[in-house]
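All remarks here apply to the structure that follows.
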Amino acid sequence: MAEFSMGQALNRALRDALAADPSVVVYGEDVGPLGGVFRVTDGLTAEFGEDRVFDSPLAESGIVGTAVGMAMYGRRPVVEMQFDAFGYPAFEQVVSHVAKMRNRTRGRVGLPLVIRIPYGGGIGAVEHHGDSSEMYYAHTPGLHVVTPATPADAYSLLREAIEDPDPVVFLEPKRRYWTKAEVDLPVRTEPMDRAVVRRTGTDVTLIAYGPMVDTVLEAAEAAREEGCAAEVVDLRSLSPFDDQTVTASVRRTGRAVVVHEAATFGGYGAEVAARVTEQCFHYLEAPVLRVGGFDIPYPPPELEEYHLPSVDRILGAIDRLQWESEWTAESPAVPGRRSEVGV
Amino acid sequence: MKRTDVRPGSAPPLPPVEPIRLVDPDGRRVSDPAYTAPDHGTLLALLRAMIIGRRFDRQASALTRQGRLAVYPSSYGQEACQVGGVLALADNDWLFPTYRDSVSLVTRGVDPIEVLTLLRGDWHSGYDPERHRCAPQCTPLATNASHAVGLTYAARRKGEDTAALVLMGDGATSEGDAHEAYNFAAVWNTPVVFLIQNNHWAISVPVHKQSVAPTLAHKAIGYGMRGHHVDGNDAAAVHAVVSHALAEARAGSGPAIIEARTYRMGPHTNSDAPQRYRDDSEVEYWKERDPLARLERLLRDEGRIDDSELERIRAQADRLAATMRERLSAAGRLAPEELFSHVYASTPALLARQRQELLDELEA
Ligand SMILES: Cc1ncc(C[n+]2csc(CCOP(=O)(O)OP(=O)(O)O)c2C)c(N)n1
């Protein structure tokens, strides 16, 4: 066993994929000699040559559009959008072509390509470098959307994404690039479309993905000290959604909180809450709560700590799920966020 | 019959592959068939602004190393573009800068502390765009270019002769947004000058991987626009060419693309590692083409500036740097509840609730 950061595990996954399959190509902005601004492609041009790993002109729509053409003709492109917000120029290509090619051609043309996107905040960066853009992709049928929370998953999910016959938007939680863990690489973890229970508990299910999994695990540890046994589910795949694992957990615990950095309104948590409610209604002791970013543009670095879900906010939500203790005939039975009570 | 296959206008001339230059790297005048150097007063103003700009830039880089700015993309080496472009603008013209162009904003008269707001991480933009006629610094590449087209279009509808200068990098010219803006400007005939600072690098990617056109100014031709190619380390030439293009654009002869050949002397930002992708000898080569040294030499040789005057300007630049340090330390921190203040013209109930929630949390 050796220690790998998430960035190093991703790098290793790309290297192993390039070695395993000559049709894999890696390109984008600064992914060549520089090795990417987060060094995820470090050393790959030197090892595999400019034909396999290269810098392209600086144009995201062109990067994704050419990846479509390459995938149509036998390549497996793995392209990088340098940051979440810089993936937006490619949106048309992603939504109208990447997601729809198989459907438009009645299954004749699939697009085995991967779009890697560092996403999320928490690294003290200026505007356009902290967006949580997952919902734009998750809302688009035809795309797989996955996001690792551990180095082992980073490796395994990226390998699987590259091998998948369909396009995968691969979201890398940039604030966890440097998080290290003992891993034996190469490793294959659970299949890409499965959620995983990271910690078992009986009192509440905390559901998270990508950058928030570690935060939620921390919250679960803190909750334990207060006598609450929280179960933690790491979704890994946002699309498809693993109903089975999530539903089974919430049916056991009867309570659920879903946590993400993105704006809460219309965020991924809304989908989770709806599905859990549909499938677990008779098991639920309290409404499903969301802890997410505020419904504001991503703030400047000086204020991001106030915006991002914290351990305290998650604990607050867990408290509010124990509504029986606070319930009176006058108070509403719906424990929303604190200030919503009584509004 | 109204024929639709007739296109207006004649083809603009091809830009010269050799850049227009009015002062050579040794500070000697170069004659040009089309352009004359600005007068001595303007040359002095250019030098002064470059000295102050470089000092600002150096101070900002130092503050970043001390952890007092979140990030700083330096324009060290590109001062002739930063200054030559801006000093060619009229008061009521607009500037559309990028993250790289803090010195252009200081030259335009924006308070340096307000310029640094973005990079310090206090807010996304610190100055009043309307007061200074400077759009917020733009990070998503090339997306500021169409804003300038729309703004000058609107100004013309109001009967104003407002022109705009768009700053962009060589890398940004690869983006689709750049091309859409060029075409809009040409079709609408709006008075916009696109000044491409070709500093040879887009982070780690050299310009020859962006474009195989003879010059970036050649991109203008396909849009029926004039393209100019200028020595971007020659402040006199940049000023002359931008002034000329602005005047033509204002007079209705159409927008223009100017490629200014310059060099990014430092890293892309403080967190970049240029030793991974470029050779120091290239930096050395460009050091000998320094924009400040050549203009200083010319003005000295022509007896327009001496040591004492240079000392006076440098002292002024040092004072600016010192006040930057002090005022940054003194600047108040943001109130967290400001997160909710500027999302809409009036705060919706949802955000008002979230603000209260945050305030309650901070009190607890
Ligand atoms: C749409 C978009 N894609 C990617 C980036 C990330 N990025 C920031 S600066 C930069 C290089 C830009 O190079 P250039 O346009 O030559 O300007 P310079 O930084 O050299 O001034 C890149 C890729 C971005 N800001 N916007």
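Here's how to read the names in the structure tokens: chain A, B, ... by the order shown, residue numbers from 1 in each chain, ligand numbers from 1 in the order shown.
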
TODO: Return as a list in words every polymer residue, whether protein, DNA or RNA, with at least one atom no more than 7 Å from an atom of ligand 1; count only C-alpha atoms and all ligand atoms.
DONE: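 Residues satisfying the distance criterion: Glu29, Leu58, Ala59, Glu60, Gln82, Phe86 and Pro89 of chain A; Arg100, Thr139, Pro140, Leu141, Met168, Gly169, Asp170, Gly171, Ala172, Thr173, Asn198, Asn199, His200, Trp201, Ala202, Ile203, Arg264 and His268 of chain B.
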
Now that the selection is made, can you save its residues with N, CA and C atoms as a PDB file, in the first residue's frame?
```pdb
ATOM      1  N   GLU A  29      -6.675  22.322 -22.250  1.00  0.00           N
ATOM      2  CA  GLU A  29      -5.846  23.508 -22.046  1.00  0.00           C
ATOM      3  C   GLU A  29      -4.782  23.219 -20.984  1.00  0.00           C
ATOM      4  N   LEU A  58      -7.199  27.192 -27.283  1.00  0.00           N
ATOM      5  CA  LEU A  58      -7.926  27.542 -26.064  1.00  0.00           C
ATOM      6  C   LEU A  58      -9.394  27.802 -26.394  1.00  0.00           C
ATOM      7  N   ALA A  59     -10.194  26.754 -26.462  1.00  0.00           N
ATOM      8  CA  ALA A  59     -11.595  26.927 -26.836  1.00  0.00           C
ATOM      9  C   ALA A  59     -12.366  25.682 -26.408  1.00  0.00           C
ATOM     10  N   GLU A  60     -13.181  25.847 -25.383  1.00  0.00           N
ATOM     11  CA  GLU A  60     -13.838  24.691 -24.787  1.00  0.00           C
ATOM     12  C   GLU A  60     -14.863  24.067 -25.720  1.00  0.00           C
ATOM     13  N   GLN A  82     -10.801  23.409 -17.833  1.00  0.00           N
ATOM     14  CA  GLN A  82      -9.824  23.755 -16.800  1.00  0.00           C
ATOM     15  C   GLN A  82     -10.453  24.017 -15.431  1.00  0.00           C
ATOM     16  N   PHE A  86     -15.385  27.369 -16.682  1.00  0.00           N
ATOM     17  CA  PHE A  86     -14.846  27.476 -18.036  1.00  0.00           C
ATOM     18  C   PHE A  86     -15.328  26.330 -18.918  1.00  0.00           C
ATOM     19  N   PRO A  89     -18.579  27.520 -22.072  1.00  0.00           N
ATOM     20  CA  PRO A  89     -18.575  27.715 -23.535  1.00  0.00           C
ATOM     21  C   PRO A  89     -18.866  26.415 -24.299  1.00  0.00           C
TER      22      PRO A  89
ATOM     23  N   ARG B 100      -5.684  40.292 -16.457  1.00  0.00           N
ATOM     24  CA  ARG B 100      -4.268  40.623 -16.632  1.00  0.00           C
ATOM     25  C   ARG B 100      -4.027  42.138 -16.575  1.00  0.00           C
ATOM     26  N   THR B 139     -12.695  37.505 -16.503  1.00  0.00           N
ATOM     27  CA  THR B 139     -11.898  36.276 -16.469  1.00  0.00           C
ATOM     28  C   THR B 139     -12.311  35.238 -17.522  1.00  0.00           C
ATOM     29  N   PRO B 140     -13.618  34.990 -17.720  1.00  0.00           N
ATOM     30  CA  PRO B 140     -13.954  34.019 -18.788  1.00  0.00           C
ATOM     31  C   PRO B 140     -13.507  34.587 -20.134  1.00  0.00           C
ATOM     32  N   LEU B 141     -12.538  33.922 -20.736  1.00  0.00           N
ATOM     33  CA  LEU B 141     -11.788  34.521 -21.836  1.00  0.00           C
ATOM     34  C   LEU B 141     -12.661  34.950 -23.004  1.00  0.00           C
ATOM     35  N   MET B 168      -7.533  41.775 -24.829  1.00  0.00           N
ATOM     36  CA  MET B 168      -7.592  40.314 -24.793  1.00  0.00           C
ATOM     37  C   MET B 168      -6.220  39.719 -25.045  1.00  0.00           C
ATOM     38  N   GLY B 169      -6.071  38.477 -24.632  1.00  0.00           N
ATOM     39  CA  GLY B 169      -4.789  37.800 -24.803  1.00  0.00           C
ATOM     40  C   GLY B 169      -4.757  37.017 -26.098  1.00  0.00           C
ATOM     41  N   ASP B 170      -3.572  36.526 -26.453  1.00  0.00           N
ATOM     42  CA  ASP B 170      -3.453  35.701 -27.660  1.00  0.00           C
ATOM     43  C   ASP B 170      -4.278  34.423 -27.540  1.00  0.00           C
ATOM     44  N   GLY B 171      -4.260  33.823 -26.360  1.00  0.00           N
ATOM     45  CA  GLY B 171      -5.026  32.599 -26.171  1.00  0.00           C
ATOM     46  C   GLY B 171      -6.515  32.829 -26.363  1.00  0.00           C
ATOM     47  N   ALA B 172      -6.983  33.959 -25.863  1.00  0.00           N
ATOM     48  CA  ALA B 172      -8.413  34.262 -25.929  1.00  0.00           C
ATOM     49  C   ALA B 172      -8.920  34.347 -27.363  1.00  0.00           C
ATOM     50  N   THR B 173      -8.030  34.634 -28.308  1.00  0.00           N
ATOM     51  CA  THR B 173      -8.497  34.756 -29.695  1.00  0.00           C
ATOM     52  C   THR B 173      -8.936  33.410 -30.269  1.00  0.00           C
ATOM     53  N   ASN B 198      -0.460  39.977 -27.538  1.00  0.00           N
ATOM     54  CA  ASN B 198       0.176  38.676 -27.771  1.00  0.00           C
ATOM     55  C   ASN B 198       1.430  38.606 -26.913  1.00  0.00           C
ATOM     56  N   ASN B 199       1.257  38.044 -25.719  1.00  0.00           N
ATOM     57  CA  ASN B 199       2.414  37.916 -24.815  1.00  0.00           C
ATOM     58  C   ASN B 199       3.070  36.547 -24.972  1.00  0.00           C
ATOM     59  N   HIS B 200       2.715  35.887 -26.056  1.00  0.00           N
ATOM     60  CA  HIS B 200       3.335  34.632 -26.479  1.00  0.00           C
ATOM     61  C   HIS B 200       2.939  33.384 -25.707  1.00  0.00           C
ATOM     62  N   TRP B 201       2.249  33.554 -24.603  1.00  0.00           N
ATOM     63  CA  TRP B 201       1.880  32.384 -23.800  1.00  0.00           C
ATOM     64  C   TRP B 201       0.446  32.514 -23.299  1.00  0.00           C
ATOM     65  N   ALA B 202      -0.290  31.436 -23.390  1.00  0.00           N
ATOM     66  CA  ALA B 202      -1.569  31.313 -22.694  1.00  0.00           C
ATOM     67  C   ALA B 202      -1.323  30.263 -21.617  1.00  0.00           C
ATOM     68  N   ILE B 203      -1.081  30.699 -20.419  1.00  0.00           N
ATOM     69  CA  ILE B 203      -0.496  29.869 -19.367  1.00  0.00           C
ATOM     70  C   ILE B 203       0.716  29.129 -19.970  1.00  0.00           C
ATOM     71  N   ARG B 264       5.071  38.048 -21.812  1.00  0.00           N
ATOM     72  CA  ARG B 264       4.742  37.904 -20.387  1.00  0.00           C
ATOM     73  C   ARG B 264       6.024  37.535 -19.662  1.00  0.00           C
ATOM     74  N   HIS B 268       2.316  33.010 -15.310  1.00  0.00           N
ATOM     75  CA  HIS B 268       0.925  33.349 -15.637  1.00  0.00           C
ATOM     76  C   HIS B 268       0.256  34.051 -14.453  1.00  0.00           C
TER      77      HIS B 268
END
```

Open item on the list: Distance limit 9 Å, atoms considered: only C-alpha atoms. Which chain B residues sit that close to chain A? Return them as an MDAnalysis selection string.
Closed with: chainID B and resid 70:71 118:124 139:141 171:177 202:205 209:211 272:274 276:277 333:336 339:340 342:343 350:351 353:358 360:361

Would you save the residues from that selection as a PDB file, in the first residue's frame, using C-alpha atoms?
```
ATOM      1  CA  ALA B  70      -5.494  35.688  -3.382  1.00  0.00           C
ATOM      2  CA  VAL B  71      -3.831  35.758  -6.775  1.00  0.00           C
ATOM      3  CA  LEU B 118     -10.969  41.160  -7.193  1.00  0.00           C
ATOM      4  CA  LEU B 119      -7.502  39.775  -6.607  1.00  0.00           C
ATOM      5  CA  ARG B 120      -7.602  40.288  -2.889  1.00  0.00           C
ATOM      6  CA  GLY B 121     -10.820  38.318  -2.812  1.00  0.00           C
ATOM      7  CA  ASP B 122     -13.005  40.966  -1.206  1.00  0.00           C
ATOM      8  CA  TRP B 123     -15.467  41.096  -4.024  1.00  0.00           C
ATOM      9  CA  HIS B 124     -15.589  40.350  -7.740  1.00  0.00           C
ATOM     10  CA  THR B 139     -11.898  36.276 -16.469  1.00  0.00           C
ATOM     11  CA  PRO B 140     -13.954  34.019 -18.788  1.00  0.00           C
ATOM     12  CA  LEU B 141     -11.788  34.521 -21.836  1.00  0.00           C
ATOM     13  CA  GLY B 171      -5.026  32.599 -26.171  1.00  0.00           C
ATOM     14  CA  ALA B 172      -8.413  34.262 -25.929  1.00  0.00           C
ATOM     15  CA  THR B 173      -8.497  34.756 -29.695  1.00  0.00           C
ATOM     16  CA  SER B 174      -9.101  31.005 -30.043  1.00  0.00           C
ATOM     17  CA  GLU B 175     -12.410  31.218 -28.219  1.00  0.00           C
ATOM     18  CA  GLY B 176     -15.619  31.289 -30.225  1.00  0.00           C
ATOM     19  CA  ASP B 177     -16.721  34.360 -28.282  1.00  0.00           C
ATOM     20  CA  ALA B 202      -1.569  31.313 -22.694  1.00  0.00           C
ATOM     21  CA  ILE B 203      -0.496  29.869 -19.367  1.00  0.00           C
ATOM     22  CA  SER B 204       1.774  27.082 -20.747  1.00  0.00           C
ATOM     23  CA  VAL B 205       0.597  27.055 -24.342  1.00  0.00           C
ATOM     24  CA  LYS B 209      -0.360  26.333 -30.913  1.00  0.00           C
ATOM     25  CA  GLN B 210      -3.247  28.789 -30.915  1.00  0.00           C
ATOM     26  CA  SER B 211      -3.023  30.041 -34.444  1.00  0.00           C
ATOM     27  CA  ASP B 272       2.189  29.137 -12.092  1.00  0.00           C
ATOM     28  CA  ALA B 273       5.473  27.264 -12.672  1.00  0.00           C
ATOM     29  CA  PRO B 274       6.877  28.521 -15.998  1.00  0.00           C
ATOM     30  CA  ARG B 276       7.889  23.487 -16.588  1.00  0.00           C
ATOM     31  CA  TYR B 277       7.261  24.771 -20.082  1.00  0.00           C
ATOM     32  CA  ARG B 333     -13.231  43.272   5.994  1.00  0.00           C
ATOM     33  CA  LEU B 334     -16.488  42.347   4.377  1.00  0.00           C
ATOM     34  CA  ALA B 335     -19.652  41.825   6.345  1.00  0.00           C
ATOM     35  CA  PRO B 336     -20.821  38.260   5.705  1.00  0.00           C
ATOM     36  CA  LEU B 339     -23.491  37.831   0.393  1.00  0.00           C
ATOM     37  CA  PHE B 340     -27.184  38.446  -0.131  1.00  0.00           C
ATOM     38  CA  HIS B 342     -26.424  42.319  -4.686  1.00  0.00           C
ATOM     39  CA  VAL B 343     -28.074  39.349  -6.281  1.00  0.00           C
ATOM     40  CA  LEU B 350     -35.892  33.494   0.010  1.00  0.00           C
ATOM     41  CA  LEU B 351     -32.625  35.402   0.233  1.00  0.00           C
ATOM     42  CA  ARG B 353     -34.575  34.380   5.011  1.00  0.00           C
ATOM     43  CA  GLN B 354     -31.169  32.955   4.210  1.00  0.00           C
ATOM     44  CA  ARG B 355     -29.508  36.171   5.314  1.00  0.00           C
ATOM     45  CA  GLN B 356     -31.346  35.987   8.635  1.00  0.00           C
ATOM     46  CA  GLU B 357     -30.346  32.379   8.974  1.00  0.00           C
ATOM     47  CA  LEU B 358     -26.690  33.301   8.535  1.00  0.00           C
ATOM     48  CA  ASP B 360     -28.573  33.864  13.572  1.00  0.00           C
ATOM     49  CA  GLU B 361     -25.835  31.347  13.030  1.00  0.00           C
TER      50      GLU B 361
END
```

- [ ] Identify, on the basis of only C-alpha atoms, every residue whose closest approach to Asp290 (chain B) does not exceed 8 Å; exclude the query and any residue fewer than 6 positions from it along the same chain; express the result as a list in words.
- [x]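 These residues fall inside the cut-off: Pro25, Gly77 and Asn233 of chain B.
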
- [ ] Quick one: pull the distance between CA of Ser133 (chain A) and CA of Val24 (chain A), Å, one decimal.
- [x]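 Value for the CA of Ser133 (chain A)-CA of Val24 (chain A) distance: 25.6 Å.
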
Task: Expected answer as a VMD selection string: alpha helix (DSSP H) residues in region 61-90 of chain A - done: chain A and resid 61 to 72

TODO: Check the DSSP output for the backbone and give back, as a ChimeraX atom specification, the residues of region 37-265 of chain B in strand (DSSP E or B).
DONE: /B:94-96,98,134,138,164-169,192-198,201-202,205-206,226-231,256-261

Task: Residue neighbourhood region 194-198 of chain A, 9 Å, only C-alpha atoms, exclusion window fewer than 5 positions, as a ChimeraX atom specification - done: /A:213,217,231-237,240-246,249

For the residues in that selection, give me all heavy atoms as a compact mmCIF listing (two decimals), in the first residue's frame.
```
# COMPACT_ATOMS: atom_id res chain seq x y z
N VAL A 213 -18.36 14.84 0.96
CA VAL A 213 -18.36 13.56 1.67
C VAL A 213 -17.49 13.64 2.92
O VAL A 213 -17.91 13.23 4.01
CB VAL A 213 -17.92 12.41 0.73
CG1 VAL A 213 -17.73 11.12 1.53
CG2 VAL A 213 -18.94 12.21 -0.37
N LEU A 217 -18.70 13.21 6.76
CA LEU A 217 -18.11 12.20 7.65
C LEU A 217 -17.67 12.85 8.96
O LEU A 217 -17.83 12.28 10.05
CB LEU A 217 -16.93 11.50 6.97
CG LEU A 217 -17.32 10.46 5.91
CD1 LEU A 217 -16.10 10.06 5.08
CD2 LEU A 217 -17.96 9.23 6.55
N GLU A 231 -25.57 7.53 9.49
CA GLU A 231 -25.08 6.73 8.38
C GLU A 231 -24.71 7.71 7.26
O GLU A 231 -25.38 8.71 7.07
CB GLU A 231 -26.19 5.78 7.91
CG GLU A 231 -25.80 4.90 6.76
CD GLU A 231 -26.44 3.51 6.85
OE1 GLU A 231 -26.30 2.88 7.92
OE2 GLU A 231 -27.08 3.09 5.88
N VAL A 232 -23.63 7.41 6.57
CA VAL A 232 -23.19 8.32 5.50
C VAL A 232 -23.20 7.58 4.17
O VAL A 232 -22.56 6.55 4.02
CB VAL A 232 -21.78 8.89 5.78
CG1 VAL A 232 -21.28 9.71 4.59
CG2 VAL A 232 -21.80 9.75 7.04
N VAL A 233 -23.94 8.15 3.21
CA VAL A 233 -23.97 7.58 1.86
C VAL A 233 -23.24 8.52 0.91
O VAL A 233 -23.55 9.71 0.84
CB VAL A 233 -25.41 7.35 1.37
CG1 VAL A 233 -25.41 6.85 -0.07
CG2 VAL A 233 -26.15 6.37 2.27
N ASP A 234 -22.26 7.97 0.21
CA ASP A 234 -21.52 8.72 -0.81
C ASP A 234 -22.13 8.32 -2.16
O ASP A 234 -22.02 7.16 -2.58
CB ASP A 234 -20.03 8.33 -0.72
CG ASP A 234 -19.20 8.87 -1.88
OD1 ASP A 234 -19.75 9.59 -2.74
OD2 ASP A 234 -17.98 8.56 -1.91
N LEU A 235 -22.74 9.27 -2.83
CA LEU A 235 -23.49 8.92 -4.05
C LEU A 235 -22.59 8.47 -5.20
O LEU A 235 -22.98 7.66 -6.03
CB LEU A 235 -24.34 10.10 -4.50
CG LEU A 235 -25.50 10.45 -3.58
CD1 LEU A 235 -26.23 11.69 -4.12
CD2 LEU A 235 -26.48 9.29 -3.45
N ARG A 236 -21.45 9.09 -5.35
CA ARG A 236 -20.49 8.76 -6.45
C ARG A 236 -21.06 9.05 -7.83
O ARG A 236 -20.47 9.76 -8.62
CB ARG A 236 -20.04 7.31 -6.36
CG ARG A 236 -19.38 6.97 -5.03
CD ARG A 236 -19.28 5.48 -4.77
NE ARG A 236 -18.13 4.86 -5.37
CZ ARG A 236 -18.20 3.98 -6.38
NH1 ARG A 236 -19.36 3.65 -6.90
NH2 ARG A 236 -17.11 3.45 -6.87
N SER A 237 -22.21 8.49 -8.12
CA SER A 237 -22.83 8.74 -9.42
C SER A 237 -24.05 9.62 -9.22
O SER A 237 -24.95 9.27 -8.45
CB SER A 237 -23.24 7.40 -10.04
OG SER A 237 -24.01 7.65 -11.20
N PRO A 240 -26.53 7.83 -13.50
CA PRO A 240 -27.80 7.55 -12.82
C PRO A 240 -27.69 7.66 -11.30
O PRO A 240 -26.58 7.60 -10.75
CB PRO A 240 -28.08 6.10 -13.23
CG PRO A 240 -26.73 5.51 -13.49
CD PRO A 240 -25.90 6.62 -14.05
N PHE A 241 -28.84 7.75 -10.66
CA PHE A 241 -28.92 7.83 -9.21
C PHE A 241 -29.20 6.43 -8.67
O PHE A 241 -30.07 5.73 -9.20
CB PHE A 241 -30.06 8.79 -8.84
CG PHE A 241 -30.31 8.91 -7.37
CD1 PHE A 241 -29.48 9.70 -6.58
CD2 PHE A 241 -31.39 8.27 -6.77
CE1 PHE A 241 -29.71 9.83 -5.21
CE2 PHE A 241 -31.62 8.40 -5.40
CZ PHE A 241 -30.79 9.18 -4.62
N ASP A 242 -28.46 6.04 -7.67
CA ASP A 242 -28.62 4.70 -7.11
C ASP A 242 -29.74 4.70 -6.06
O ASP A 242 -29.50 4.82 -4.87
CB ASP A 242 -27.28 4.26 -6.50
CG ASP A 242 -27.35 2.88 -5.87
OD1 ASP A 242 -28.43 2.24 -5.91
OD2 ASP A 242 -26.32 2.44 -5.33
N ASP A 243 -30.96 4.55 -6.55
CA ASP A 243 -32.12 4.56 -5.65
C ASP A 243 -32.01 3.47 -4.57
O ASP A 243 -32.35 3.69 -3.42
CB ASP A 243 -33.41 4.31 -6.46
CG ASP A 243 -33.83 5.54 -7.24
OD1 ASP A 243 -34.13 6.57 -6.60
OD2 ASP A 243 -33.84 5.49 -8.48
N GLN A 244 -31.53 2.31 -5.02
CA GLN A 244 -31.54 1.17 -4.13
C GLN A 244 -30.76 1.39 -2.84
O GLN A 244 -31.27 1.19 -1.75
CB GLN A 244 -30.93 -0.01 -4.89
CG GLN A 244 -31.64 -1.29 -4.62
CD GLN A 244 -30.89 -2.44 -5.31
OE1 GLN A 244 -30.08 -2.23 -6.22
NE2 GLN A 244 -31.14 -3.63 -4.86
N THR A 245 -29.52 1.83 -3.01
CA THR A 245 -28.66 2.01 -1.83
C THR A 245 -29.20 3.12 -0.93
O THR A 245 -29.24 2.99 0.30
CB THR A 245 -27.22 2.33 -2.29
OG1 THR A 245 -26.77 1.28 -3.13
CG2 THR A 245 -26.29 2.49 -1.11
N VAL A 246 -29.62 4.20 -1.56
CA VAL A 246 -30.09 5.34 -0.76
C VAL A 246 -31.39 4.97 -0.05
O VAL A 246 -31.56 5.21 1.16
CB VAL A 246 -30.28 6.58 -1.66
CG1 VAL A 246 -30.92 7.71 -0.88
CG2 VAL A 246 -28.94 7.01 -2.25
N SER A 249 -30.95 2.65 2.89
CA SER A 249 -30.40 3.32 4.06
C SER A 249 -31.46 4.15 4.78
O SER A 249 -31.62 4.07 6.00
CB SER A 249 -29.23 4.20 3.65
OG SER A 249 -28.81 4.99 4.73
```

TODO: Work out how far apart CA of Glu326 (chain B) and CA of Arg54 (chain B) are and give it in Å to one decimal.
DONE: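 Atom-to-atom, CA of Glu326 (chain B) to CA of Arg54 (chain B), that is 18.5 Å.
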
TODO: Tell me which protein, DNA and RNA residues are within 12 Å of Tyr263 (chain B), counting only C-alpha atoms, leaving out same-chain ones fewer than 3 positions away, and put them as an MDAnalysis selection string.
DONE: chainID B and resid 74:81 169:170 196:202 206:207 231:234 260 266:268 282:291
